[in-house]
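Comments concern the structure below.
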Amino acid sequence: MTQFSKRISELIDESGETIQSLAEMGRINRTTLQRIKSGERLPTKRVFDNLLKALRLSSVEAEELQTLLEISQVGERVYYNRQKIIELIAIIYELTTYQIPFSKEIKQAPRENMTTLSQEQIEIVTGQRPVLAMIENSIDRELFVNDSPHLKLAIPSHFEQVYHYIFGQMLGNRKHLSLQDVQSFPETGDQTAADPGLGALKTLIGLSLLDNVTYHSNYYYQSPADNQEINVLFPYFILTSEDVVTISRDFSRAVRYHDPDLYHFYQQGFVTILQQTEPFIEESRDLFAIYSLDNTYRIRQVVEPLPCFAYYASHQMVADKVRKDLPFYEPLVAATNRFYDYFKQENRAMINVFSLKNLETFMEDGNMYFPEEICEPFSAAERLMLIKQVRDDIEADNRKTYAFDEEKIVLNSAVEFINEATLVHFILHYKNAHNQVFKTIKLKEANIVAAFDDFFRSLPGSDYVLPKEVTVAAIDGLIGKYESRASLL
């Protein structure tokens with residue numbers, strides 16, 4: 001018996017109604033309802049909605065039951081993975097929409113049983129709580145003592161609490177931190193919780209979006225059967241300006257050294273690790289690198305601020321939109337057209353989810369999210385042409401294009417998610433003060449790619465996207481509004 005059927009059984013008993021009376025009130029087949037109560041079957045959406053009404057549940061009870069139903073349908077790991085991805089979208093929205101005031105001062109937190117390294121050259125602790133306390137103490141000292149603090153981390157993503165701590169200390173902090181790390185996302189076998197890599201990914205991307213953190217991250221791929229770390233040092237470590245904290249594989253033992261020779265040894269070890277890895281979170285202004293224009297690949301899903309206009313961009317439109325005074329104008333136009341031609345041919349079946357709010361903003365100003373010095377705004381006529389083609393394709397089911405229900409998931413213009421068979425690719429583009437920032441994040445970890453693949457595939461038909469008729473009506477409203485405006489000009 002599932003948690004869902006147990007809860008249904010409890011609610012039916014608490015209602016004081018018989019199976020027969022509830023079936024009649026909810027217009028549900030009595031045998032069907034009995035089998036749902038006993039856990040022999042799960043309800044369809046219609047039966048579930050009717051059952052909620054018959055039981056006269058509160059909104060809190062209904063939400064709880066909806067969660068238990070979804071867990072029964074897809075399993076705990078899949079359900080919690082989907083929730084982590086929704087949280088990731090939310091934190092990107094929050095950190096790129098709202099300016100965090102720099103008002104917090106770092107103060108060293110008092111720690112019990114902690115010696116000072118001015119007295120001791122070596123400090124050893126055992127137990128996960130003391131290890132975390134040692135790491136937090138080292139981070140605090142670096143942030144508190146140094147005018148330009150910096151940290152280098154060679155720890156895996158399942159040490160997420162360390163990154164949580166750094167994020168909490170830097171959120172709104174007046175100091176600026178230089179952070180560099182090497183990441184891995186080893187898969188775990190626990191199927192009753194979200195993949196820990198997704199939680200770590202949310203925290204790492206959140207760190208990268210803080211204005212007072214300069215974050216450079218490298219990544220190495222680690223198979224589930226591979227228990228060897230990339231380095232031969234003991235086996236994980238953190239470098240502050242002066243100290244080395246080495247950490248055991250199970251996070252149960254740590255040693256902090258205040259030794260210049262050993263510090264130099266670990267510094268060199270960190271450089272060696274970087275040479276064996278590749279960039280993970282990378283900031284760039286190079287559109288060739290950001291959008292992988294020199295590569296061609298089959299895309300499964302794209303979640304982005306605007307509906308995918310690549311299908312409608314002619315060679316002439318691309319040539320007109322790219323600013324002609326760019327020193328690399330011709331190579332960029334050629335690469336973009338080559339990319340779009342391949343895209344139109346190979347990616348007709350991909351799922352595309354977008355934001356109606358961002359589409360309305362585009363209709364207002366004609367700007368996409370490319371740097372202003374690279375791309376000209378679209379004219380009013382071009383905007384209307386593009387939006388009409390999107391509308392007609394949605395109406396005719398020519399494309400799997402859906403609009404988010406933005407009461408449930410809010411997507412601003414800061415992020416695009418691109419998912420293919422072996423790669424999930426994030427492109428972040430947002431304003432920091434008056435500067436346009438571009439960051440790219442690429443992951444080839446199979447379990448994380450699969451989690452995003454499942455999430456994106458689950459969106460069509462879910463409560464997170466609007467029905468086709470609602471989407472088409474909203475786009476028709478935009479078309480009518482801007483056609484009327486054009487007629488007055």
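Each chain in the structure tokens gets a letter, A, B, ..., in the order shown, and its residues are numbered from 1; ligands are numbered from 1 in order too.
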Strand (DSSP E) positions in segment 240-362 of chain A, given as number ranges by chain: A: 244-247, 253-257, 278-283, 299-303, 351-354
Sel. of alpha helix (DSSP H) residues, segment 132-210 of chain A, as number ranges by chain: A: 132-145, 160-170, 196-208
Keeping C-alpha atoms, export the residues of the selection given above as a PDB file, in the first residue's frame.
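part-v1.pdb written:
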```pdb
ATOM      1  CA  LEU A 132      32.285  21.223   9.405  1.00  0.00           C
ATOM      2  CA  ALA A 133      33.007  23.586  12.309  1.00  0.00           C
ATOM      3  CA  MET A 134      36.712  23.630  11.372  1.00  0.00           C
ATOM      4  CA  ILE A 135      35.886  24.405   7.740  1.00  0.00           C
ATOM      5  CA  GLU A 136      33.445  27.184   8.701  1.00  0.00           C
ATOM      6  CA  ASN A 137      36.007  28.648  11.109  1.00  0.00           C
ATOM      7  CA  SER A 138      38.645  28.705   8.348  1.00  0.00           C
ATOM      8  CA  ILE A 139      36.206  30.367   5.927  1.00  0.00           C
ATOM      9  CA  ASP A 140      35.193  32.958   8.530  1.00  0.00           C
ATOM     10  CA  ARG A 141      38.786  33.823   9.281  1.00  0.00           C
ATOM     11  CA  GLU A 142      39.579  34.238   5.588  1.00  0.00           C
ATOM     12  CA  LEU A 143      36.570  36.528   5.070  1.00  0.00           C
ATOM     13  CA  PHE A 144      37.108  38.454   8.296  1.00  0.00           C
ATOM     14  CA  VAL A 145      40.870  39.011   8.238  1.00  0.00           C
ATOM     15  CA  GLU A 160      27.044  20.790  -0.210  1.00  0.00           C
ATOM     16  CA  GLN A 161      26.850  22.207   3.319  1.00  0.00           C
ATOM     17  CA  VAL A 162      30.248  23.856   2.772  1.00  0.00           C
ATOM     18  CA  TYR A 163      28.917  25.730  -0.272  1.00  0.00           C
ATOM     19  CA  HIS A 164      25.705  26.544   1.588  1.00  0.00           C
ATOM     20  CA  TYR A 165      27.814  28.160   4.278  1.00  0.00           C
ATOM     21  CA  ILE A 166      29.852  30.232   1.823  1.00  0.00           C
ATOM     22  CA  PHE A 167      26.632  31.331   0.080  1.00  0.00           C
ATOM     23  CA  GLY A 168      25.060  32.385   3.386  1.00  0.00           C
ATOM     24  CA  GLN A 169      28.148  34.333   4.429  1.00  0.00           C
ATOM     25  CA  MET A 170      28.490  36.156   1.096  1.00  0.00           C
ATOM     26  CA  PRO A 196      22.256  15.392  -4.383  1.00  0.00           C
ATOM     27  CA  GLY A 197      23.953  16.734  -7.501  1.00  0.00           C
ATOM     28  CA  LEU A 198      20.826  18.765  -8.317  1.00  0.00           C
ATOM     29  CA  GLY A 199      20.838  20.409  -4.889  1.00  0.00           C
ATOM     30  CA  ALA A 200      24.532  21.157  -5.233  1.00  0.00           C
ATOM     31  CA  LEU A 201      23.974  22.554  -8.725  1.00  0.00           C
ATOM     32  CA  LYS A 202      21.369  24.981  -7.356  1.00  0.00           C
ATOM     33  CA  THR A 203      23.796  26.177  -4.672  1.00  0.00           C
ATOM     34  CA  LEU A 204      26.754  26.512  -7.057  1.00  0.00           C
ATOM     35  CA  ILE A 205      24.768  28.470  -9.652  1.00  0.00           C
ATOM     36  CA  GLY A 206      23.400  30.655  -6.846  1.00  0.00           C
ATOM     37  CA  LEU A 207      26.967  31.406  -5.736  1.00  0.00           C
ATOM     38  CA  SER A 208      27.969  32.273  -9.287  1.00  0.00           C
TER      39      SER A 208
END
```
Residue neighbourhood segment 26-34 of chain A, 12 Å, only C-alpha atoms, exclusion window fewer than 2 positions, as a ChimeraX atom specification: /A:5,8-9,12,17-24,36-56
I'd like the contact shell of Val470 of chain A - 12 Å cut-off, only C-alpha atoms, skipping same-chain residues fewer than 4 positions apart - returned as a short mmCIF file (atom, residue, chain, number, x, y, z; two decimals) with C-alpha atoms, in the first residue's frame.
```
data_model
loop_
_atom_site.label_atom_id
_atom_site.label_comp_id
_atom_site.auth_asym_id
_atom_site.auth_seq_id
_atom_site.Cartn_x
_atom_site.Cartn_y
_atom_site.Cartn_z
CA LEU A 356 4.57 34.94 -22.12
CA ARG A 391 1.13 31.49 -32.90
CA ILE A 394 1.19 26.34 -31.88
CA GLU A 395 -2.38 26.44 -33.22
CA TYR A 402 4.25 25.62 -24.57
CA ALA A 403 3.98 28.66 -22.30
CA PHE A 404 4.65 28.44 -18.58
CA ASP A 405 1.83 29.05 -16.13
CA VAL A 465 2.23 24.96 -18.62
CA LEU A 466 -0.88 26.61 -20.02
CA ALA A 474 -2.74 35.25 -25.00
CA ILE A 475 -0.62 35.56 -28.15
CA ASP A 476 -3.68 36.74 -30.11
CA GLY A 477 -4.09 39.46 -27.50
#
```
Of the listed residues A:Tyr464, A:Tyr215, A:Tyr93, A:Phe159, that which approaches Ile281 of chain A most closely, counting only C-alpha atoms: A:Tyr215
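Among A:Asp243, A:Glu61, A:Asp341, A:Glu278, the residue with the shortest atom-to-atom distance to His216 of chain A, counting only C-alpha atoms, is A:Glu278.
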Using only C-alpha atoms, determine which residues lie at most 9 Å from Leu151 of chain A, disregarding the query and same-chain residues fewer than 6 positions distant; provide the list as a PDB file with N, CA, C and O atoms, in the first residue's frame.
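The new file part_26.pdb reads:
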```pdb
ATOM      1  N   ILE A 139      36.857  29.444   6.871  1.00  0.00           N
ATOM      2  CA  ILE A 139      36.206  30.367   5.927  1.00  0.00           C
ATOM      3  C   ILE A 139      35.970  31.720   6.588  1.00  0.00           C
ATOM      4  O   ILE A 139      36.253  32.774   6.004  1.00  0.00           O
ATOM      5  N   GLU A 142      39.155  33.702   6.885  1.00  0.00           N
ATOM      6  CA  GLU A 142      39.579  34.238   5.588  1.00  0.00           C
ATOM      7  C   GLU A 142      38.764  35.474   5.221  1.00  0.00           C
ATOM      8  O   GLU A 142      39.305  36.488   4.774  1.00  0.00           O
ATOM      9  N   LEU A 177      34.654  38.102  -2.630  1.00  0.00           N
ATOM     10  CA  LEU A 177      35.378  36.843  -2.515  1.00  0.00           C
ATOM     11  C   LEU A 177      35.771  36.325  -3.888  1.00  0.00           C
ATOM     12  O   LEU A 177      34.954  36.294  -4.812  1.00  0.00           O
ATOM     13  N   SER A 178      37.009  35.894  -4.010  1.00  0.00           N
ATOM     14  CA  SER A 178      37.454  35.156  -5.197  1.00  0.00           C
ATOM     15  C   SER A 178      37.407  33.672  -4.852  1.00  0.00           C
ATOM     16  O   SER A 178      38.101  33.210  -3.946  1.00  0.00           O
ATOM     17  N   LEU A 179      36.556  32.942  -5.572  1.00  0.00           N
ATOM     18  CA  LEU A 179      36.331  31.524  -5.285  1.00  0.00           C
ATOM     19  C   LEU A 179      36.680  30.695  -6.515  1.00  0.00           C
ATOM     20  O   LEU A 179      36.237  30.991  -7.624  1.00  0.00           O
ATOM     21  N   GLN A 180      37.466  29.668  -6.302  1.00  0.00           N
ATOM     22  CA  GLN A 180      37.841  28.757  -7.383  1.00  0.00           C
ATOM     23  C   GLN A 180      37.707  27.339  -6.861  1.00  0.00           C
ATOM     24  O   GLN A 180      38.100  27.041  -5.726  1.00  0.00           O
ATOM     25  N   ASP A 181      37.130  26.451  -7.671  1.00  0.00           N
ATOM     26  CA  ASP A 181      36.983  25.081  -7.197  1.00  0.00           C
ATOM     27  C   ASP A 181      37.054  24.084  -8.343  1.00  0.00           C
ATOM     28  O   ASP A 181      37.068  24.445  -9.516  1.00  0.00           O
ATOM     29  N   ILE A 238      40.888  22.222   1.159  1.00  0.00           N
ATOM     30  CA  ILE A 238      40.499  23.623   0.988  1.00  0.00           C
ATOM     31  C   ILE A 238      41.722  24.481   1.273  1.00  0.00           C
ATOM     32  O   ILE A 238      42.429  24.259   2.265  1.00  0.00           O
ATOM     33  N   LEU A 239      41.958  25.465   0.409  1.00  0.00           N
ATOM     34  CA  LEU A 239      43.060  26.405   0.594  1.00  0.00           C
ATOM     35  C   LEU A 239      42.499  27.788   0.904  1.00  0.00           C
ATOM     36  O   LEU A 239      41.668  28.305   0.154  1.00  0.00           O
ATOM     37  N   THR A 240      42.937  28.379   2.019  1.00  0.00           N
ATOM     38  CA  THR A 240      42.674  29.790   2.279  1.00  0.00           C
ATOM     39  C   THR A 240      43.937  30.558   1.887  1.00  0.00           C
ATOM     40  O   THR A 240      44.787  30.030   1.179  1.00  0.00           O
ATOM     41  N   SER A 241      44.081  31.790   2.347  1.00  0.00           N
ATOM     42  CA  SER A 241      45.284  32.558   1.979  1.00  0.00           C
ATOM     43  C   SER A 241      46.547  31.966   2.570  1.00  0.00           C
ATOM     44  O   SER A 241      47.627  32.083   1.985  1.00  0.00           O
TER      45      SER A 241
END
```
